[in-house]
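Participant: The following file, protein.tsv, comprises TSV, C-alpha atoms:
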chain	number	residue	atom	x	y	z
A	29	MET	CA	119.50	75.82	111.07
A	30	LYS	CA	117.40	76.91	108.11
A	31	LYS	CA	119.12	78.29	105.04
A	32	VAL	CA	118.42	81.86	103.93
A	33	SER	CA	118.75	82.95	100.31
A	34	ILE	CA	119.44	86.65	99.68
A	35	VAL	CA	118.68	87.77	96.13
A	36	ILE	CA	120.55	90.87	94.91
A	37	PRO	CA	119.42	92.20	91.52
A	38	ALA	CA	122.39	94.10	90.06
A	39	TYR	CA	122.52	96.61	87.23
A	40	ASN	CA	125.38	99.01	86.47
A	41	LYS	CA	126.26	99.81	90.09
A	42	ALA	CA	129.44	97.78	90.52
A	43	GLU	CA	130.87	99.57	93.59
A	44	TRP	CA	127.61	99.59	95.50
A	45	THR	CA	126.89	95.98	94.54
A	46	VAL	CA	130.21	94.98	96.11
A	47	ARG	CA	129.21	96.78	99.31
A	48	ALA	CA	125.80	95.09	99.28
A	49	VAL	CA	127.44	91.66	98.99
A	50	GLU	CA	129.93	92.50	101.76
A	51	SER	CA	127.06	93.50	104.05
A	52	VAL	CA	125.46	90.07	103.56
A	53	LEU	CA	128.78	88.27	104.07
A	54	GLY	CA	129.12	90.19	107.34
A	55	GLN	CA	125.87	88.84	108.80
A	56	THR	CA	125.80	87.17	112.20
A	57	TYR	CA	123.56	84.43	110.77
A	58	PRO	CA	125.81	81.69	109.34
A	59	ASP	CA	123.77	79.80	106.73
A	60	ILE	CA	123.21	82.29	103.90
A	61	GLU	CA	123.15	81.73	100.16
A	62	ILE	CA	123.90	84.91	98.17
A	63	ILE	CA	122.46	85.03	94.66
A	64	VAL	CA	123.52	88.05	92.60
A	65	VAL	CA	121.42	88.26	89.44
A	66	ASP	CA	123.18	90.60	87.02
A	67	ASP	CA	120.45	92.10	84.85
A	68	GLY	CA	122.66	92.89	81.87
A	69	SER	CA	125.15	95.28	83.49
A	70	MET	CA	127.43	97.11	81.06
A	71	ASP	CA	129.92	98.32	83.67
A	72	ASP	CA	132.53	96.30	85.59
A	73	THR	CA	130.02	94.49	87.79
A	74	PRO	CA	131.15	90.98	86.69
A	75	GLY	CA	134.82	91.79	87.26
A	76	ARG	CA	134.26	93.44	90.62
A	77	LEU	CA	132.21	90.49	91.87
A	78	SER	CA	134.74	87.90	90.76
A	79	ARG	CA	136.75	88.58	93.93
A	80	PHE	CA	134.06	86.78	95.96
A	81	GLY	CA	134.56	83.49	94.13
A	82	ASN	CA	132.30	80.73	95.40
A	83	LYS	CA	131.06	82.84	98.32
A	84	ILE	CA	128.30	84.06	96.02
A	85	ARG	CA	126.31	82.65	93.15
A	86	TYR	CA	126.71	85.05	90.24
A	87	VAL	CA	123.97	84.70	87.60
A	88	PRO	CA	124.20	86.90	84.47
A	89	LYS	CA	121.11	87.44	82.32
A	90	ALA	CA	119.84	89.70	79.55
A	91	ASN	CA	118.35	92.97	80.75
A	92	GLY	CA	114.72	92.50	81.73
A	93	GLY	CA	114.24	94.68	84.78
A	94	ALA	CA	114.59	94.21	88.52
A	95	CYS	CA	111.45	92.09	88.80
A	96	SER	CA	112.69	89.55	86.27
A	97	ALA	CA	115.98	89.40	88.19
A	98	ARG	CA	114.18	88.88	91.52
A	99	ASN	CA	111.96	86.18	90.00
A	100	LEU	CA	114.96	84.32	88.63
A	101	GLY	CA	116.55	84.55	92.07
A	102	ILE	CA	113.42	83.08	93.68
A	103	ARG	CA	113.45	80.17	91.24
A	104	LEU	CA	117.13	79.48	91.92
A	105	ALA	CA	116.97	79.92	95.69
A	106	THR	CA	117.51	76.83	97.82
A	107	GLY	CA	116.80	78.48	101.18
A	108	GLU	CA	113.57	78.21	103.16
A	109	TYR	CA	113.62	81.99	103.59
A	110	ILE	CA	114.26	84.55	100.84
A	111	GLY	CA	115.31	88.16	101.23
A	112	PHE	CA	115.68	90.84	98.55
A	113	LEU	CA	118.47	93.41	98.79
A	114	ASP	CA	118.73	96.14	96.15
A	115	CYS	CA	122.31	96.43	94.93
A	116	ASP	CA	122.70	99.99	96.26
A	117	ASP	CA	121.43	99.13	99.76
A	118	MET	CA	123.11	97.29	102.65
A	119	TYR	CA	122.19	95.13	105.62
A	120	LEU	CA	123.31	95.83	109.15
A	121	PRO	CA	125.03	92.78	110.73
A	122	GLN	CA	122.02	91.35	112.63
A	123	LYS	CA	119.44	91.86	109.89
A	124	VAL	CA	119.11	88.24	108.80
A	125	GLU	CA	119.50	86.71	112.28
A	126	ARG	CA	116.77	88.84	113.83
A	127	SER	CA	114.45	88.36	110.85
A	128	VAL	CA	114.83	84.57	110.96
A	129	ASP	CA	114.29	84.60	114.73
A	130	CYS	CA	111.04	86.55	114.29
A	131	LEU	CA	109.70	84.10	111.71
A	132	GLU	CA	110.79	81.05	113.70
A	133	ARG	CA	109.02	82.34	116.80
A	134	ASN	CA	105.89	83.30	114.83
A	135	PRO	CA	104.98	80.57	112.34
A	136	ARG	CA	101.81	82.45	111.36
A	137	PHE	CA	103.90	85.24	109.78
A	138	GLY	CA	104.52	84.88	106.05
A	139	PHE	CA	107.20	87.55	106.04
A	140	VAL	CA	108.81	90.12	108.29
A	141	HIS	CA	109.94	93.69	107.56
A	142	THR	CA	111.82	96.43	109.39
A	143	PRO	CA	112.41	100.19	109.32
A	144	VAL	CA	115.49	101.58	107.55
A	145	TYR	CA	118.20	104.15	107.92
A	146	TYR	CA	118.37	106.47	104.92
A	147	ILE	CA	121.95	106.95	103.67
A	148	ASP	CA	123.53	109.16	101.01
A	149	ASP	CA	126.03	108.28	98.28
A	150	ASN	CA	128.85	108.30	100.85
A	151	ASP	CA	127.05	105.90	103.23
A	152	THR	CA	126.34	108.73	105.68
A	153	VAL	CA	123.18	108.08	107.67
A	154	LEU	CA	120.69	110.87	107.04
A	155	ARG	CA	117.86	109.76	109.31
A	156	ALA	CA	115.84	106.77	110.41
A	157	CYS	CA	112.50	105.95	108.83
A	158	ARG	CA	110.23	104.25	111.36
A	159	LEU	CA	106.53	103.46	111.17
A	160	TYR	CA	104.35	104.99	113.86
A	161	ARG	CA	100.88	105.61	112.53
A	162	ARG	CA	100.00	102.45	110.63
A	163	ARG	CA	99.39	98.83	111.47
A	164	ARG	CA	102.80	97.26	110.94
A	165	GLN	CA	102.23	93.70	112.12
A	166	GLY	CA	99.52	91.08	111.77
A	167	TRP	CA	96.89	91.42	109.04
A	168	ILE	CA	98.14	94.65	107.46
A	169	ALA	CA	96.67	94.47	103.93
A	170	LYS	CA	93.87	96.99	104.61
A	171	ASP	CA	96.48	99.55	105.70
A	172	LEU	CA	99.05	98.62	103.07
A	173	VAL	CA	96.58	99.06	100.18
A	174	ARG	CA	96.34	102.76	101.08
A	175	GLY	CA	100.03	103.27	100.28
A	176	ASN	CA	103.26	101.30	100.48
A	177	PHE	CA	105.15	101.63	103.76
A	178	ILE	CA	107.42	98.57	103.38
A	179	CYS	CA	110.92	99.23	102.05
A	180	ASN	CA	111.71	96.65	99.37
A	181	SER	CA	115.13	95.80	100.86
A	182	THR	CA	113.77	94.80	104.28
A	183	PRO	CA	111.38	91.81	103.96
A	184	LEU	CA	112.44	88.25	104.62
A	185	VAL	CA	109.84	85.89	103.15
A	186	ARG	CA	109.09	82.20	103.61
A	187	LYS	CA	109.78	80.71	100.18
A	188	ILE	CA	106.65	78.59	100.37
A	189	CYS	CA	104.53	81.76	100.45
A	190	PHE	CA	105.27	82.50	96.79
A	191	GLU	CA	103.25	79.42	95.86
A	192	LYS	CA	100.11	81.31	96.91
A	193	SER	CA	101.06	84.90	96.16
A	194	GLY	CA	102.86	84.30	92.87
A	195	LEU	CA	106.08	85.98	91.77
A	196	PHE	CA	106.80	89.67	91.09
A	197	ASP	CA	104.65	91.17	88.31
A	198	GLU	CA	107.16	91.92	85.54
A	199	SER	CA	104.70	94.26	83.79
A	200	ILE	CA	105.10	96.71	86.71
A	201	PHE	CA	108.40	98.48	87.35
A	202	ILE	CA	108.21	101.22	89.98
A	203	PRO	CA	105.69	99.90	92.57
A	204	ALA	CA	106.26	96.19	91.87
A	205	ASP	CA	107.39	95.68	95.46
A	206	TRP	CA	104.15	97.24	96.77
A	207	ASP	CA	102.16	94.87	94.57
A	208	MET	CA	104.10	91.89	95.93
A	209	TRP	CA	103.85	92.84	99.62
A	210	LEU	CA	100.11	93.43	99.15
A	211	ARG	CA	99.59	89.97	97.67
A	212	LEU	CA	101.60	88.40	100.49
A	213	ALA	CA	99.79	90.45	103.16
A	214	GLU	CA	96.42	89.32	101.80
A	215	GLN	CA	97.41	85.67	102.33
A	216	TYR	CA	99.55	85.81	105.46
A	217	GLU	CA	100.06	87.79	108.64
A	218	THR	CA	103.10	90.07	108.61
A	219	GLY	CA	105.86	90.42	111.19
A	220	TYR	CA	107.60	93.66	112.11
A	221	ILE	CA	110.87	94.39	113.92
A	222	GLY	CA	110.91	97.97	115.16
A	223	THR	CA	114.68	98.50	114.84
A	224	PRO	CA	116.19	99.77	111.55
A	225	LEU	CA	118.34	96.92	110.22
A	226	THR	CA	118.83	98.04	106.61
A	227	LEU	CA	120.65	100.98	105.05
A	228	TYR	CA	118.50	102.38	102.24
A	229	ARG	CA	120.33	104.63	99.80
A	230	ILE	CA	118.78	107.93	98.73
A	231	SER	CA	120.42	108.61	95.37
A	232	ASN	CA	119.23	109.63	91.92
A	233	ASN	CA	115.54	108.89	92.24
A	234	TYR	CA	114.09	107.04	89.25
A	235	ILE	CA	110.55	107.72	90.43
A	236	VAL	CA	111.00	111.51	90.48
A	237	ASN	CA	112.14	111.37	86.85
A	238	HIS	CA	109.29	109.07	85.79
A	239	LEU	CA	106.27	110.36	87.68
A	240	GLU	CA	103.80	109.74	84.84
A	241	GLN	CA	104.83	106.09	84.79
A	242	SER	CA	104.61	105.93	88.58
A	243	ILE	CA	101.04	107.28	88.59
A	244	ALA	CA	99.92	104.76	85.97
A	245	GLU	CA	101.60	101.82	87.70
A	246	GLU	CA	100.41	102.67	91.22
A	247	SER	CA	96.89	102.97	89.82
A	248	MET	CA	97.38	99.52	88.29
A	249	VAL	CA	98.39	98.10	91.68
A	250	VAL	CA	95.20	99.51	93.19
A	251	GLU	CA	93.06	98.11	90.36
A	252	LYS	CA	94.65	94.68	90.82
A	253	ALA	CA	94.03	94.75	94.57
A	254	VAL	CA	90.39	95.72	94.09
A	255	SER	CA	89.85	93.00	91.49
A	256	ARG	CA	91.30	90.39	93.88
A	257	ASN	CA	89.32	91.68	96.86
A	258	PRO	CA	86.15	93.43	95.64
A	259	ARG	CA	84.24	93.01	98.87
A	260	PRO	CA	86.56	94.98	101.19
A	261	TYR	CA	88.03	97.38	98.62
A	262	LEU	CA	85.43	98.21	95.96
A	263	HIS	CA	83.65	100.79	98.09
A	264	ILE	CA	86.95	102.61	98.81
A	265	LYS	CA	88.46	102.27	95.33
A	266	ASP	CA	88.00	105.97	94.51
A	267	LYS	CA	89.66	106.96	97.78
A	268	LEU	CA	92.61	104.63	97.07
A	269	LEU	CA	93.08	106.16	93.61
A	270	SER	CA	92.73	109.62	95.15
A	271	ASN	CA	95.64	108.76	97.44
A	272	VAL	CA	97.76	107.85	94.40
A	273	HIS	CA	97.28	111.32	92.92
A	274	TYR	CA	97.80	112.95	96.32
A	275	ARG	CA	101.18	111.24	96.75
A	276	HIS	CA	102.28	112.33	93.30
A	277	ALA	CA	101.11	115.89	93.89
A	278	ILE	CA	103.68	115.97	96.69
A	279	CYS	CA	106.30	114.39	94.40
A	280	TYR	CA	105.74	117.14	91.84
A	281	LEU	CA	106.13	119.71	94.60
A	282	SER	CA	109.46	118.13	95.47
A	283	VAL	CA	110.77	118.95	91.98
A	284	ASN	CA	109.16	122.42	92.02
A	285	ASP	CA	106.61	121.58	89.32
A	286	THR	CA	103.75	123.44	90.94
A	287	ASP	CA	101.56	123.39	87.84
A	288	ARG	CA	101.60	119.62	87.61
A	289	SER	CA	101.21	119.34	91.36
A	290	ARG	CA	97.98	121.35	91.15
A	291	LYS	CA	96.73	119.05	88.40
A	292	GLU	CA	97.37	116.01	90.55
A	293	ILE	CA	95.59	117.70	93.46
A	294	GLU	CA	92.63	118.26	91.13
A	295	GLN	CA	92.73	114.64	89.99
A	296	SER	CA	92.83	113.50	93.60
A	297	MET	CA	89.79	115.60	94.48
A	298	ARG	CA	87.91	114.38	91.41
A	299	LYS	CA	88.43	110.80	92.54
A	300	TYR	CA	87.40	111.51	96.12
A	301	ARG	CA	86.35	115.03	97.07
A	302	LEU	CA	86.37	114.37	100.81
A	303	ASN	CA	89.98	113.18	101.00
A	304	PRO	CA	91.19	115.27	103.98
A	305	LYS	CA	94.88	115.00	103.05
A	306	THR	CA	94.22	116.37	99.57
A	307	MET	CA	92.01	119.15	100.89
A	308	PHE	CA	94.70	120.15	103.37
A	309	LEU	CA	97.36	120.04	100.66
A	310	PHE	CA	95.19	122.19	98.39
A	311	ILE	CA	94.79	124.82	101.11
A	312	ALA	CA	98.47	124.64	102.11
A	313	THR	CA	99.76	125.14	98.56
A	314	ALA	CA	97.41	128.08	98.10
A	315	VAL	CA	98.58	129.70	101.34
A	316	LEU	CA	102.28	128.83	101.28
A	317	GLY	CA	102.86	129.13	97.54
A	318	ASN	CA	106.53	129.12	96.58
A	319	ARG	CA	107.62	128.37	100.12
A	320	MET	CA	106.71	124.72	99.56
A	321	LYS	CA	109.66	123.87	97.33
A	322	SER	CA	110.71	120.48	98.62
A	323	LEU	CA	109.24	117.27	99.87
A	324	ARG	CA	111.03	117.75	103.17
A	325	GLN	CA	109.23	121.05	103.64
A	326	CYS	CA	105.96	119.28	102.94
A	327	TRP	CA	106.74	116.74	105.64
A	328	SER	CA	107.82	119.29	108.21
A	329	ARG	CA	105.02	121.78	107.55
A	330	LEU	CA	102.07	119.49	106.89
A	331	LYS	CA	102.80	116.29	108.84
A	332	ILE	CA	100.30	114.47	106.65
A	333	ILE	CA	102.21	111.75	104.78
Is it possible to give me this structure as structure tokens?
Facilitator:
Amino acid sequence: MKKVSIVIPAYNKAEWTVRAVESVLGQTYPDIEIIVVDDGSMDDTPGRLSRFGNKIRYVPKANGGACSARNLGIRLATGEYIGFLDCDDMYLPQKVERSVDCLERNPRFGFVHTPVYYIDDNDTVLRACRLYRRRRQGWIAKDLVRGNFICNSTPLVRKICFEKSGLFDESIFIPADWDMWLRLAEQYETGYIGTPLTLYRISNNYIVNHLEQSIAEESMVVEKAVSRNPRPYLHIKDKLLSNVHYRHAICYLSVNDTDRSRKEIEQSMRKYRLNPKTMFLFIATAVLGNRMKSLRQCWSRLKII
């Protein structure tokens, strides 16, 4: 039986980190190495994790961001498969077993991902997030470059794949997972299990509070992808960047910043005037006005994400 290493980057979320660890200890797959990389927590994370003793490998380090913690975990991992679980998320009991089974049955897959259940701060399931409209399995890079649809707590990756793709880019913070899945998807086929096997916590959203940074970093991910693959992507580069501004126009709507949302719509149309999603959003905001106050309303009214 092949060993699986689960890397949990932890930072100042002691209670949720304990729950994340417990969810891995509760897996039906028996051979799991748990590596908790504490990225300079200033709360009681070390004390709370001490109860697990040698059931986990606790690795403290100076604060350097989640990517530096994941990269350290990759370097320390002794398993043939590596999974990444954010410290505020949790696995359902069969997550690892079913992911390993998928990769064992499909040696051409470099990694496998799944849908998630969204949960709130009290672990209440809000809804499932499944993928219907995009290519989820096989050679998915051409779909994935248009926008990230892989939750960063769901992939299980063959460790050997990082030799080709490289590690997480520590110069990127918000969409670093998108950048990584893209690089993997360019090199390897991707597996997909259609059942939600991860609980993904919707809490204080860092992205919503750092939208300028998110725009810059997502644009960087696109630029990197185009530079690696000029032949398939160069002719659609403007459309890809247009999609970045379109997504953030919706994010600004979600925080009721209609002025900035309009600016992002304008930026999206400047990059690619014929982007149908942006054109529809432009018309919808003009018609609906203040009635579009939340991202959920955008989803339910427009059905275009």
Participant: Quick one: everything within 7 Å of segment 191-195 of chain A, counting only C-alpha atoms, minus sequence neighbours fewer than 3 positions away in the same chain. Send it as a list in words.
Facilitator: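 Residues near the query, excluding close chain neighbours: Asn99, Ile188, Arg211 and Leu212 of chain A.
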Participant: Which residues are close to Lys89 of chain A, i.e. within 7 Å by all atoms listed in the file, leaving aside same-chain residues fewer than 6 positions away? Reply as a PyMOL selection string.
Facilitator: chain A and resi 66-68
Participant: Using all atoms listed in the file, can you tell me which of A:Asp72, A:Glu251, A:Asp205, A:Glu292 comes closest to Thr182 of chain A?
Facilitator: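 That would be A:Asp205, the residue with the smallest distance to Thr182 of chain A.
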Participant: Report as an MDAnalysis selection string all protein, DNA and RNA residues lying within 9 Å of Arg275 of chain A, evaluated on all atoms listed in the file, omitting residues in the same chain fewer than 4 positions from it.
Facilitator: chainID A and resid 175 270:271 279:280 292 333
Participant: Give me, as a list of chain:residue names, all polymer residues having an atom no more than 12 Å from Val236 of chain A, counting all atoms listed in the file and skipping those fewer than 3 positions away in the same chain.
Facilitator: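 Using all atoms listed in the file, the neighbours found are A:Ile202, A:Ile230, A:Ser231, A:Asn232, A:Asn233, A:Leu239, A:Glu240, A:Gln241, A:Ser242, A:Ile243, A:Arg275, A:His276, A:Ala277, A:Ile278, A:Cys279, A:Tyr280, A:Leu281, A:Ser282, A:Val283, A:Asn284, A:Asp285, A:Leu323.
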